[in-house]
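Peer 1: Before anything else, here's the structure in question.
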Amino acid sequence: MNSQEETLLRAIVISSSNAWSGQTVSPSDRQTAFSVLSEFSTFQGRVPLCLGWIEKDKVIVGGNNDCTIPAKLYACEILAALFKTEYTKLSDKERLTIRASLLSAARQLAPSPITDPRLLANKIASLLAALMVRDFPQRWTTCIDDLFGSLWSTENPQMGVKICLEILKLVAEDCTDSDFNSKISTKRRNDILIGLNEVSDRFLPLLFHSLEQISILTQSKALIHQMRGFLVQNSQTLSTMTPEQREAYQHEEGRINSVAMAIVDTLSTLEKFCRSMPLDWILNSKHDFSAACFYLIREPTDDIQILALECLEQLCLRGKLTYVQWIKWIHEMPQAIQQANIIVAAEQDFKQLGSAVAGRSNESADPLTEQIGYHRSLSQMLATLISSHIAHLTHEKKILKKGSPDQIGFSTFLRFLVDMLHHPSGLICGTQLNLWISMLRDPQITRAKLLQPFVSELLVCYMDQMIKIRWDDVEEQNHPLSSLLEASWDDGEEYDSWIMDFRSKASQLFKHLGHYEPGIVTAALLHRLQGLLSAHAYGEPRNHLHHSNQQLTQASEAVRQLEALVQPMENILLGLPSWALSQSPVENHGSRQAIWAQTQSSLAEVARLIVNWNPAYLWLKYRRAQLLEGLRHYWKYDPSTLLQGVDALLGYIGAPDEWGGDQLESDGSKQLSGETVGLRKKSSTALVSVSRHVSQHLVPYISQLSEVTRSLLSSVDILQTNRMHLYEFLSCVATSVEDPAQRSSFVASVLSDAINTLQSPESQEAIASVDCFLASLGITQAGQNPSSVADPTNVETVSARFARLFSAVNQLLSVGKRCHEANKKRPNGGIPFLASGNQPASEQDGQNFPDEGPVSLQDLSKGDPFVPLWVQIVPSLLKTINVVMKMWRPEYQAILLRDKVQRYAIAISDDEAYLSRKQDGKSGGVFGEGGTAGSVISGTDRRDLNLAPKWSGWLNELRNSCFQMLGLLSAQRALYAPEMAQLYPRIVEVIVDAQNLRAMEHRHCTQYLYVSRCNFVFLKANH
């Protein structure tokens, strides 16, 4: 060894360890070593030197420092880099030399026990696999013989077996995973696969023989079990064994470890073959690897059973099993799993006896926790076996024929699947979810009634998993299944992600179950509701209470249980067929008549229970509001309990604050708690949702509802959001009034307050000019007295003034949109019928409905009750648009930009800054982690008592609402009505004002062009 090689080896040792010749390596020595290795990586003669290290049994440096492993690993890295960049430039002689050196290194490692550290063996295997990918079969025709002939051992599993299996696995990955691997050309990939197929008979029997060693593993485990029993019987432990006993025990234990490891390595390679190699490799009469995997399901050592299931799953995913092969699996799988369960039960005794002889505690882990990986893989594989071959269920009529052997076998298989759904971990249900949805969607399967015996169990099992787990209880070990849940999910965040995805997918299952068997499903739903109300209607067991007011919280058991019912009930009712919901009995259909009667009885009781339930706790009221919202699908057909439900929701909108917040308003009054605000908002959104679906059933009670609503609107503490929803609720009811005149009159009365606010002296003064508008927003005062923007009294006054103006515009916009949507759903599609001659429009035969040209507001109002109000709205709307757009003219910008406070009126808002980043809001939106709150004006945001950060948001909302009003004016065709002709000059003057358009920012133009869909050319021509 020359001095240069010794320096290089010294650098290798220093770079990979903390000491050299008994002394700690200094940072300068390490830096020098890295420099030496970096220079060597580009040295022309590096390959022969690396090959020499690889071929040596031992590499010694500095007299007695063994650096064999570090030197060989470094040499492998050099060769790996060479293969990527320079291998094609090598001569045939150089390639043969490299191949011979690597085979020599592999032969040196081959006799080592398979349980030894594998780092170097894996490196050598990856290099040989790289050579095989580049040279096999054209330039390395003896590849399989060279590898398996010199490395594979048939007697005892050795490291050579691992190297061969690793090479095959890497080559299979590189040659079949084409979607993610572009380093190998398609032609080269095909050549390798063809070559492997030709010589497969030389290595597949060896792999099968490796799996057959399961018998050796079983025998050794039986011997170990007998030894342990003998030790326990004679009050001995492992530490008190005689030398002869210890030798025999360690021998059998070593056999178990080596054989198990060989089987694991074989299954890992086989899994790649099952994924994409020819099926003849796996399913053949001589070596049926699928039958071997069926047998290996029973062996839990080193997760052999899980790997066997993964191999079977990969075969299933290909969807290429013939019907004969598939139905054979269907018949044999339950029996194989039952045998595996017997073996797994015996495994518990094996482990307990092992703990006893080792002197450890006899406390054994929960079997469900230990087997969660196996149960998940098993459920996944069983579900995949059907879902990937679902065509067999529809194309082969034998399995659909009741009483046939195939149908009985398939029913037994489904029974096994459904039994697995009772597993307490939701992961098991999650693995089968797509299977049940796909089967329920297939009309042939549903008509054959294959799933009918399992519908009730399916529904119950999936509804059980909808209950969200308190992860704090899991972490604190207070949950009875804490160990199982911790084994199922890493942490609360992973569980939350899983439960959201599970609930999203389960909604489809509930819909299809309701459509498939409405009678059974509604009966099960009623039973679940009765059980929940019996156990939790009044908050029992009253746990996780709020510390100050003793109210139930979201973590309380009663609240969580009822929350888990909301989504299933909603989707079940949504999926029920119309004939099952209809109030008219099904005629001439005996089976449907019985189902109809059962469905009607169950749903009537469900509605009665929810409507009559009157919880006292705030969060239970919230859950009741959610359940009432779900009943809208039932009320569409049977409105007998509708009025009671609507009355309950209206009562919740004005509910007092039972929670009791601690924060105070600027006037000293108590601020509504977030929980009460949430209840009110949920109730009002539920009210709107109900009214959109069943507005026709509310028309007879329109006077009564109007009185209650007006009473709520007159309340001083009603939320603006609730106010908007109440207006929308009334507009929904109004659009269902049959008489056009009454409909228009009711809408006008509903919106009278909004129009009066818009036409009030306060609002008219505010929009009279830009100066008046700036003064109404407190911007003018801020220039004279900057401290006024933070004065609580001034902030409250200005905020209330703007809220009145903006709420009026927003209420008109909301009701107008709703009326327009309802009009488009009418028989004429929203196009008004016109009268011809002396015949009124109401008596037309439905053929006179031109889709262009002017139509009077009177004709338009026959379909859209909002249209007549435009004459009152447009003048104030144009004034508002004009002053808002004029604010951005240079003469006003020059004034505002000079002032350090007023300038924020024309800045972007925190919300616009957030949206510009294209964030999804999952982290909490503007005010969440990573949000933009306080980024425009440092240290303050729109939630604070400060006008400056509010201005930009106010102006943006007002501008956008006004632009949408223009779009609505055009969409309802009121813009082209003759009655509006006198307003054309003013409309053109404001809308297409050149100075206003030039002063608009890009963000304003985007809103303007998107929502104001008016024919301005038409307006200009008329002007």
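Ordered as shown in the structure tokens, chains take letters A, B, and onward, while each chain numbers its residues from 1 and ligands are numbered from 1 in the order shown.
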Do you know which residues are at most 6 Å from region 673-683 of chain A counting only C-alpha atoms, after dropping those on the same chain fewer than 2 positions away, and could you put them as a list in words?
Peer 2: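 Skipping anything fewer than 2 positions along the chain leaves Tyr622, Ala625, Leu649, Tyr652, Ile653, Asp657, Gly661, Thr685 and Ala686 of chain A.
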Peer 1: At a cut-off of 12 Å, using only C-alpha atoms, what residues contact Asp135 (chain A)? Leave out same-chain residues fewer than 3 positions from it and give the result as a VMD selection string.
Peer 2: chain A and resid 83 87 to 88 92 95 to 96 99 128 to 132 138 to 143 171 188 to 189 191 to 192 195
Peer 1: Within 10 Å of Gly539 (chain A), counting only C-alpha atoms, which residues qualify if same-chain residues fewer than 4 places away don't, as a PyMOL selection string?
Peer 2: chain A and resi 533+535+543+551-552+556-559+615-617+619-620
Peer 1: Any chance you can output those residues with N, CA, C and O atoms as a PDB file, in the first residue's frame?
Peer 2:
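File written: out.pdb
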ATOM      1  N   LEU A 533     -81.563   9.910  21.856  1.00  0.00           N
ATOM      2  CA  LEU A 533     -82.398  10.810  22.654  1.00  0.00           C
ATOM      3  C   LEU A 533     -82.687  10.210  24.029  1.00  0.00           C
ATOM      4  O   LEU A 533     -82.786  10.934  25.029  1.00  0.00           O
ATOM      5  N   ALA A 535     -80.646   8.386  25.704  1.00  0.00           N
ATOM      6  CA  ALA A 535     -79.434   8.441  26.526  1.00  0.00           C
ATOM      7  C   ALA A 535     -78.903   9.849  26.726  1.00  0.00           C
ATOM      8  O   ALA A 535     -78.279  10.132  27.756  1.00  0.00           O
ATOM      9  N   ASN A 543     -70.667  15.480  30.986  1.00  0.00           N
ATOM     10  CA  ASN A 543     -69.218  15.529  31.197  1.00  0.00           C
ATOM     11  C   ASN A 543     -68.619  16.632  30.336  1.00  0.00           C
ATOM     12  O   ASN A 543     -69.260  17.181  29.447  1.00  0.00           O
ATOM     13  N   GLN A 551     -72.241  24.683  31.194  1.00  0.00           N
ATOM     14  CA  GLN A 551     -72.885  24.272  29.948  1.00  0.00           C
ATOM     15  C   GLN A 551     -72.103  23.124  29.314  1.00  0.00           C
ATOM     16  O   GLN A 551     -70.910  22.960  29.544  1.00  0.00           O
ATOM     17  N   LEU A 552     -72.808  22.317  28.515  1.00  0.00           N
ATOM     18  CA  LEU A 552     -72.112  21.304  27.730  1.00  0.00           C
ATOM     19  C   LEU A 552     -71.211  21.980  26.697  1.00  0.00           C
ATOM     20  O   LEU A 552     -71.517  23.075  26.212  1.00  0.00           O
ATOM     21  N   SER A 556     -68.328  17.317  25.041  1.00  0.00           N
ATOM     22  CA  SER A 556     -69.243  16.530  25.864  1.00  0.00           C
ATOM     23  C   SER A 556     -69.766  15.332  25.076  1.00  0.00           C
ATOM     24  O   SER A 556     -69.972  15.409  23.864  1.00  0.00           O
ATOM     25  N   GLU A 557     -69.980  14.247  25.782  1.00  0.00           N
ATOM     26  CA  GLU A 557     -70.389  12.992  25.140  1.00  0.00           C
ATOM     27  C   GLU A 557     -71.707  13.150  24.398  1.00  0.00           C
ATOM     28  O   GLU A 557     -71.848  12.686  23.252  1.00  0.00           O
ATOM     29  N   ALA A 558     -72.688  13.791  24.993  1.00  0.00           N
ATOM     30  CA  ALA A 558     -73.998  13.946  24.361  1.00  0.00           C
ATOM     31  C   ALA A 558     -73.888  14.749  23.071  1.00  0.00           C
ATOM     32  O   ALA A 558     -74.505  14.410  22.049  1.00  0.00           O
ATOM     33  N   VAL A 559     -73.096  15.802  23.086  1.00  0.00           N
ATOM     34  CA  VAL A 559     -72.948  16.654  21.901  1.00  0.00           C
ATOM     35  C   VAL A 559     -72.254  15.893  20.780  1.00  0.00           C
ATOM     36  O   VAL A 559     -72.653  15.969  19.612  1.00  0.00           O
ATOM     37  N   PRO A 615     -84.191  20.648  23.932  1.00  0.00           N
ATOM     38  CA  PRO A 615     -83.030  20.597  24.827  1.00  0.00           C
ATOM     39  C   PRO A 615     -82.815  21.913  25.552  1.00  0.00           C
ATOM     40  O   PRO A 615     -83.193  22.991  25.065  1.00  0.00           O
ATOM     41  N   ALA A 616     -82.155  21.827  26.694  1.00  0.00           N
ATOM     42  CA  ALA A 616     -81.905  23.023  27.492  1.00  0.00           C
ATOM     43  C   ALA A 616     -80.505  23.575  27.275  1.00  0.00           C
ATOM     44  O   ALA A 616     -80.275  24.772  27.453  1.00  0.00           O
ATOM     45  N   TYR A 617     -79.563  22.751  26.876  1.00  0.00           N
ATOM     46  CA  TYR A 617     -78.179  23.189  26.709  1.00  0.00           C
ATOM     47  C   TYR A 617     -77.961  23.776  25.319  1.00  0.00           C
ATOM     48  O   TYR A 617     -78.527  23.296  24.323  1.00  0.00           O
ATOM     49  N   TRP A 619     -75.391  23.794  23.208  1.00  0.00           N
ATOM     50  CA  TRP A 619     -74.819  22.964  22.143  1.00  0.00           C
ATOM     51  C   TRP A 619     -75.791  21.889  21.683  1.00  0.00           C
ATOM     52  O   TRP A 619     -75.742  21.443  20.528  1.00  0.00           O
ATOM     53  N   LEU A 620     -76.694  21.455  22.549  1.00  0.00           N
ATOM     54  CA  LEU A 620     -77.729  20.522  22.106  1.00  0.00           C
ATOM     55  C   LEU A 620     -78.748  21.228  21.216  1.00  0.00           C
ATOM     56  O   LEU A 620     -79.288  20.630  20.279  1.00  0.00           O
TER      57      LEU A 620
END
Peer 1: Please identify all polymer residues within 10 Å of Ser425 (chain A), counting only C-alpha atoms, omitting same-chain residues fewer than 4 positions from it, and present them as a ChimeraX atom specification.
Peer 2: /A:368-369,372,375-376,421,429-430,465,481,484-485,487-489
Peer 1: To one decimal place, how far is CA of Gln158 (chain A) from CA of Pro113 (chain A) in Å?
Peer 2: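 Straight-line distance from CA of Gln158 (chain A) to CA of Pro113 (chain A) works out to 4.8 Å.
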Peer 1: Could you list, as a PyMOL selection string, every residue within 8 Å of region 890-903 of chain A, counting only C-alpha atoms and ignoring same-chain residues fewer than 3 positions away?
Peer 2: chain A and resi 779-780+782-783+786+886-887+906-907+948+999
Peer 1: Take the selection from the previous step and output its residues with N, CA, C and O atoms, as a CSV table (one decimal), in the first residue's frame.
Peer 2:
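Once everything was written out, this is out-v3.csv:
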chain,number,residue,atom,x,y,z
A,779,ILE,N,-63.3,59.6,7.4
A,779,ILE,CA,-62.0,59.8,6.7
A,779,ILE,C,-61.7,61.3,6.8
A,779,ILE,O,-60.5,61.7,7.1
A,780,THR,N,-62.6,62.2,6.6
A,780,THR,CA,-62.4,63.6,6.6
A,780,THR,C,-61.9,64.0,8.0
A,780,THR,O,-61.0,64.8,8.2
A,782,ALA,N,-60.5,62.2,10.2
A,782,ALA,CA,-59.2,61.7,10.5
A,782,ALA,C,-58.1,62.6,10.0
A,782,ALA,O,-57.0,62.7,10.6
A,783,GLY,N,-58.3,63.4,8.9
A,783,GLY,CA,-57.3,64.4,8.5
A,783,GLY,C,-57.2,65.5,9.5
A,783,GLY,O,-56.1,66.1,9.6
A,786,PRO,N,-56.3,62.9,13.9
A,786,PRO,CA,-56.0,61.5,13.6
A,786,PRO,C,-56.4,60.6,14.8
A,786,PRO,O,-56.7,59.4,14.5
A,886,LYS,N,-65.5,57.8,-7.9
A,886,LYS,CA,-64.8,59.1,-7.9
A,886,LYS,C,-63.7,59.2,-6.9
A,886,LYS,O,-62.7,59.9,-7.1
A,887,MET,N,-63.8,58.4,-5.8
A,887,MET,CA,-62.7,58.5,-4.8
A,887,MET,C,-61.3,58.2,-5.3
A,887,MET,O,-60.3,58.6,-4.8
A,906,ILE,N,-57.5,54.1,0.6
A,906,ILE,CA,-57.4,53.6,-0.7
A,906,ILE,C,-56.4,52.4,-0.8
A,906,ILE,O,-55.9,52.1,-1.9
A,907,ALA,N,-56.0,51.9,0.3
A,907,ALA,CA,-55.1,50.7,0.4
A,907,ALA,C,-55.9,49.4,0.1
A,907,ALA,O,-57.1,49.4,0.2
A,948,ALA,N,-59.2,53.0,10.6
A,948,ALA,CA,-58.3,52.9,9.5
A,948,ALA,C,-58.2,51.6,8.8
A,948,ALA,O,-58.3,51.5,7.6
A,999,ALA,N,-59.5,56.0,-13.7
A,999,ALA,CA,-58.9,56.0,-12.3
A,999,ALA,C,-59.1,54.7,-11.6
A,999,ALA,O,-58.5,54.5,-10.5
Peer 1: Using backbone DSSP assignments, extract all helix (DSSP H, G or I) residues from region 133-287 of chain A; output them as a PyMOL selection string.
Peer 2: chain A and resi 133-135+143-151+159-176+186-198+200-212+214-233+238-240+243-276+279-282
Peer 1: Can you write out the residues you just picked, keeping C-alpha atoms, as a tab-separated table (two decimals), in the first residue's frame?
Peer 2:
chain	number	residue	atom	x	y	z
A	133	VAL	CA	-30.40	-3.21	-16.06
A	134	ARG	CA	-27.65	-2.03	-18.42
A	135	ASP	CA	-26.28	-5.35	-19.75
A	143	CYS	CA	-26.66	-13.21	-15.37
A	144	ILE	CA	-29.13	-15.47	-13.53
A	145	ASP	CA	-26.68	-18.38	-13.45
A	146	ASP	CA	-23.88	-16.13	-12.15
A	147	LEU	CA	-26.05	-14.77	-9.38
A	148	PHE	CA	-28.13	-17.71	-8.21
A	149	GLY	CA	-25.50	-20.34	-9.00
A	150	SER	CA	-22.84	-18.79	-6.79
A	151	LEU	CA	-24.81	-16.81	-4.23
A	159	MET	CA	-26.68	-13.35	2.95
A	160	GLY	CA	-26.36	-14.53	-0.65
A	161	VAL	CA	-30.13	-15.17	-0.67
A	162	LYS	CA	-30.75	-11.62	0.43
A	163	ILE	CA	-28.46	-10.23	-2.31
A	164	CYS	CA	-30.21	-12.24	-5.06
A	165	LEU	CA	-33.67	-11.23	-3.86
A	166	GLU	CA	-32.68	-7.59	-3.56
A	167	ILE	CA	-31.31	-7.58	-7.13
A	168	LEU	CA	-34.55	-9.05	-8.51
A	169	LYS	CA	-36.64	-6.57	-6.55
A	170	LEU	CA	-34.67	-3.55	-7.77
A	171	VAL	CA	-34.73	-4.72	-11.38
A	172	ALA	CA	-38.48	-5.37	-11.19
A	173	GLU	CA	-39.05	-1.88	-9.80
A	174	ASP	CA	-36.91	-0.19	-12.45
A	175	CYS	CA	-38.44	-2.10	-15.32
A	176	THR	CA	-42.13	-1.86	-14.45
A	186	THR	CA	-39.02	1.54	-23.08
A	187	LYS	CA	-37.02	-0.68	-25.43
A	188	ARG	CA	-34.42	-1.47	-22.76
A	189	ARG	CA	-37.19	-2.16	-20.26
A	190	ASN	CA	-38.91	-4.57	-22.62
A	191	ASP	CA	-35.64	-6.36	-23.40
A	192	ILE	CA	-35.03	-6.98	-19.70
A	193	LEU	CA	-38.56	-8.25	-19.09
A	194	ILE	CA	-38.39	-10.59	-22.09
A	195	GLY	CA	-35.03	-11.89	-20.89
A	196	LEU	CA	-36.32	-12.46	-17.36
A	197	ASN	CA	-39.36	-14.27	-18.67
A	198	GLU	CA	-37.16	-16.67	-20.64
A	200	SER	CA	-37.83	-17.38	-14.96
A	201	ASP	CA	-37.82	-21.16	-14.51
A	202	ARG	CA	-34.31	-20.88	-13.06
A	203	PHE	CA	-35.12	-18.57	-10.15
A	204	LEU	CA	-38.88	-18.91	-9.46
A	205	PRO	CA	-38.49	-22.47	-8.04
A	206	LEU	CA	-35.81	-21.12	-5.71
A	207	LEU	CA	-38.16	-18.39	-4.46
A	208	PHE	CA	-40.92	-20.95	-3.95
A	209	HIS	CA	-38.51	-23.19	-2.03
A	210	SER	CA	-37.66	-20.23	0.17
A	211	LEU	CA	-41.35	-19.87	1.07
A	212	GLU	CA	-41.61	-23.61	1.73
A	214	ILE	CA	-42.21	-21.98	6.62
A	215	SER	CA	-42.36	-25.60	7.81
A	216	ILE	CA	-38.89	-25.21	9.35
A	217	LEU	CA	-40.05	-22.01	11.04
A	218	THR	CA	-43.13	-23.76	12.42
A	219	GLN	CA	-41.08	-26.70	13.73
A	220	SER	CA	-38.54	-24.43	15.41
A	221	LYS	CA	-41.28	-22.39	17.07
A	222	ALA	CA	-42.88	-25.60	18.34
A	223	LEU	CA	-39.56	-26.73	19.79
A	224	ILE	CA	-38.97	-23.35	21.41
A	225	HIS	CA	-42.47	-23.52	22.89
A	226	GLN	CA	-41.74	-26.95	24.35
A	227	MET	CA	-38.44	-25.70	25.78
A	228	ARG	CA	-40.17	-22.76	27.40
A	229	GLY	CA	-42.82	-25.04	28.85
A	230	PHE	CA	-40.12	-27.26	30.29
A	231	LEU	CA	-38.35	-24.26	31.85
A	232	VAL	CA	-41.56	-22.97	33.40
A	233	GLN	CA	-42.44	-26.43	34.69
A	238	LEU	CA	-33.40	-18.13	30.38
A	239	SER	CA	-30.73	-16.86	32.72
A	240	THR	CA	-30.66	-20.12	34.75
A	243	PRO	CA	-25.00	-24.66	28.89
A	244	GLU	CA	-26.56	-27.52	26.92
A	245	GLN	CA	-30.03	-26.02	27.25
A	246	ARG	CA	-28.76	-22.57	26.24
A	247	GLU	CA	-27.01	-23.94	23.17
A	248	ALA	CA	-30.11	-25.81	21.99
A	249	TYR	CA	-32.35	-22.83	22.73
A	250	GLN	CA	-30.15	-20.35	20.88
A	251	HIS	CA	-29.83	-22.72	17.92
A	252	GLU	CA	-33.59	-22.93	17.45
A	253	GLU	CA	-34.01	-19.22	18.08
A	254	GLY	CA	-31.39	-18.49	15.40
A	255	ARG	CA	-33.19	-20.74	12.93
A	256	ILE	CA	-36.44	-18.90	13.58
A	257	ASN	CA	-34.83	-15.52	12.94
A	258	SER	CA	-32.93	-16.57	9.81
A	259	VAL	CA	-35.81	-18.47	8.19
A	260	ALA	CA	-38.30	-15.70	9.02
A	261	MET	CA	-35.97	-13.11	7.50
A	262	ALA	CA	-35.52	-15.17	4.33
A	263	ILE	CA	-39.30	-15.50	3.94
A	264	VAL	CA	-39.77	-11.77	4.54
A	265	ASP	CA	-37.17	-10.93	1.88
A	266	THR	CA	-38.78	-13.38	-0.55
A	267	LEU	CA	-42.24	-11.91	-0.02
A	268	SER	CA	-40.91	-8.37	-0.50
A	269	THR	CA	-39.55	-9.39	-3.91
A	270	LEU	CA	-42.66	-11.42	-4.72
A	271	GLU	CA	-44.83	-8.36	-4.04
A	272	LYS	CA	-43.09	-6.56	-6.94
A	273	PHE	CA	-43.67	-9.60	-9.17
A	274	CYS	CA	-47.36	-9.74	-8.20
A	275	ARG	CA	-47.74	-6.08	-9.10
A	276	SER	CA	-46.64	-6.23	-12.74
A	279	LEU	CA	-49.41	-13.84	-14.02
A	280	ASP	CA	-47.95	-17.18	-15.14
A	281	TRP	CA	-45.05	-16.53	-12.77
A	282	ILE	CA	-47.42	-16.42	-9.80
Peer 1: Could you tell me how far CA of Trp326 (chain A) lies from CA of Leu440 (chain A), in Å and to one decimal?
Peer 2: 20.4 Å
Peer 1: Can you tell me, as a VMD selection string, what residues are no more than 9 Å from Leu459 (chain A) when counting only C-alpha atoms, ignoring any on the same chain fewer than 3 positions away?
Peer 2: chain A and resid 454 to 456 462 to 464 509 to 510 513 521 524 to 525 568
Peer 1: Can you work out which one of A:Leu860, A:Ala105, A:Leu414, A:Leu958 has the shortest atom-to-atom distance to Ala803 (chain A), counting only C-alpha atoms?
Peer 2: A:Leu958
Peer 1: Write out as a short mmCIF file (atom, residue, chain, number, x, y, z; two decimals) with C-alpha atoms, in the first residue's frame which residues come within 10 Å of Gln764 (chain A) when counting only C-alpha atoms, dropping same-chain ones fewer than 6 positions away.
Peer 2:
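Final output, result39.cif:
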data_model
loop_
_atom_site.label_atom_id
_atom_site.label_comp_id
_atom_site.auth_asym_id
_atom_site.auth_seq_id
_atom_site.Cartn_x
_atom_site.Cartn_y
_atom_site.Cartn_z
CA THR A 757 -82.84 53.17 4.67
CA LEU A 758 -81.36 53.72 1.22
CA CYS A 772 -69.93 63.90 2.10
CA PHE A 773 -69.09 60.22 1.62
CA LEU A 805 -76.10 51.76 4.24
CA SER A 876 -79.54 55.73 -5.05
CA LYS A 879 -75.17 57.81 -6.61
CA THR A 880 -73.35 55.23 -4.48
#
Peer 1: Between CA of Arg710 (chain A) and CA of Leu966 (chain A), what is the spacing in Å?
Peer 2: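 Straight-line distance from CA of Leu966 (chain A) to CA of Arg710 (chain A) works out to 28.1 Å.
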Peer 1: Tell me which of A:Ser601, A:Gln626, A:Ser703, A:Ser684 sits closest to Val750 (chain A), counting only C-alpha atoms.
Peer 2: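 Checking each of A:Ser601, A:Gln626, A:Ser703, A:Ser684 against Val750 (chain A), counting only C-alpha atoms, the winner is A:Ser703.
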Peer 1: Check the smallest atom-to-atom distance from each of A:Glu707, A:Glu605, A:Glu563, A:Glu475 to Gln530 (chain A) using only C-alpha atoms, then report the winner.
Peer 2: A:Glu605
Peer 1: Restricting the calculation to only C-alpha atoms: of A:Glu6, A:Trp53, A:Leu878, A:Gly654, which residue gets closest to Val716 (chain A)?
Peer 2: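 Smallest separation from Val716 (chain A) among the options: A:Gly654.
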Peer 1: Counting only C-alpha atoms, figure out which residue out of A:Asn434, A:Ser483, A:Glu313, A:Ala994 gets nearest to Pro367 (chain A).
Peer 2: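 Closest to Pro367 (chain A) of all the choices is A:Ser483.
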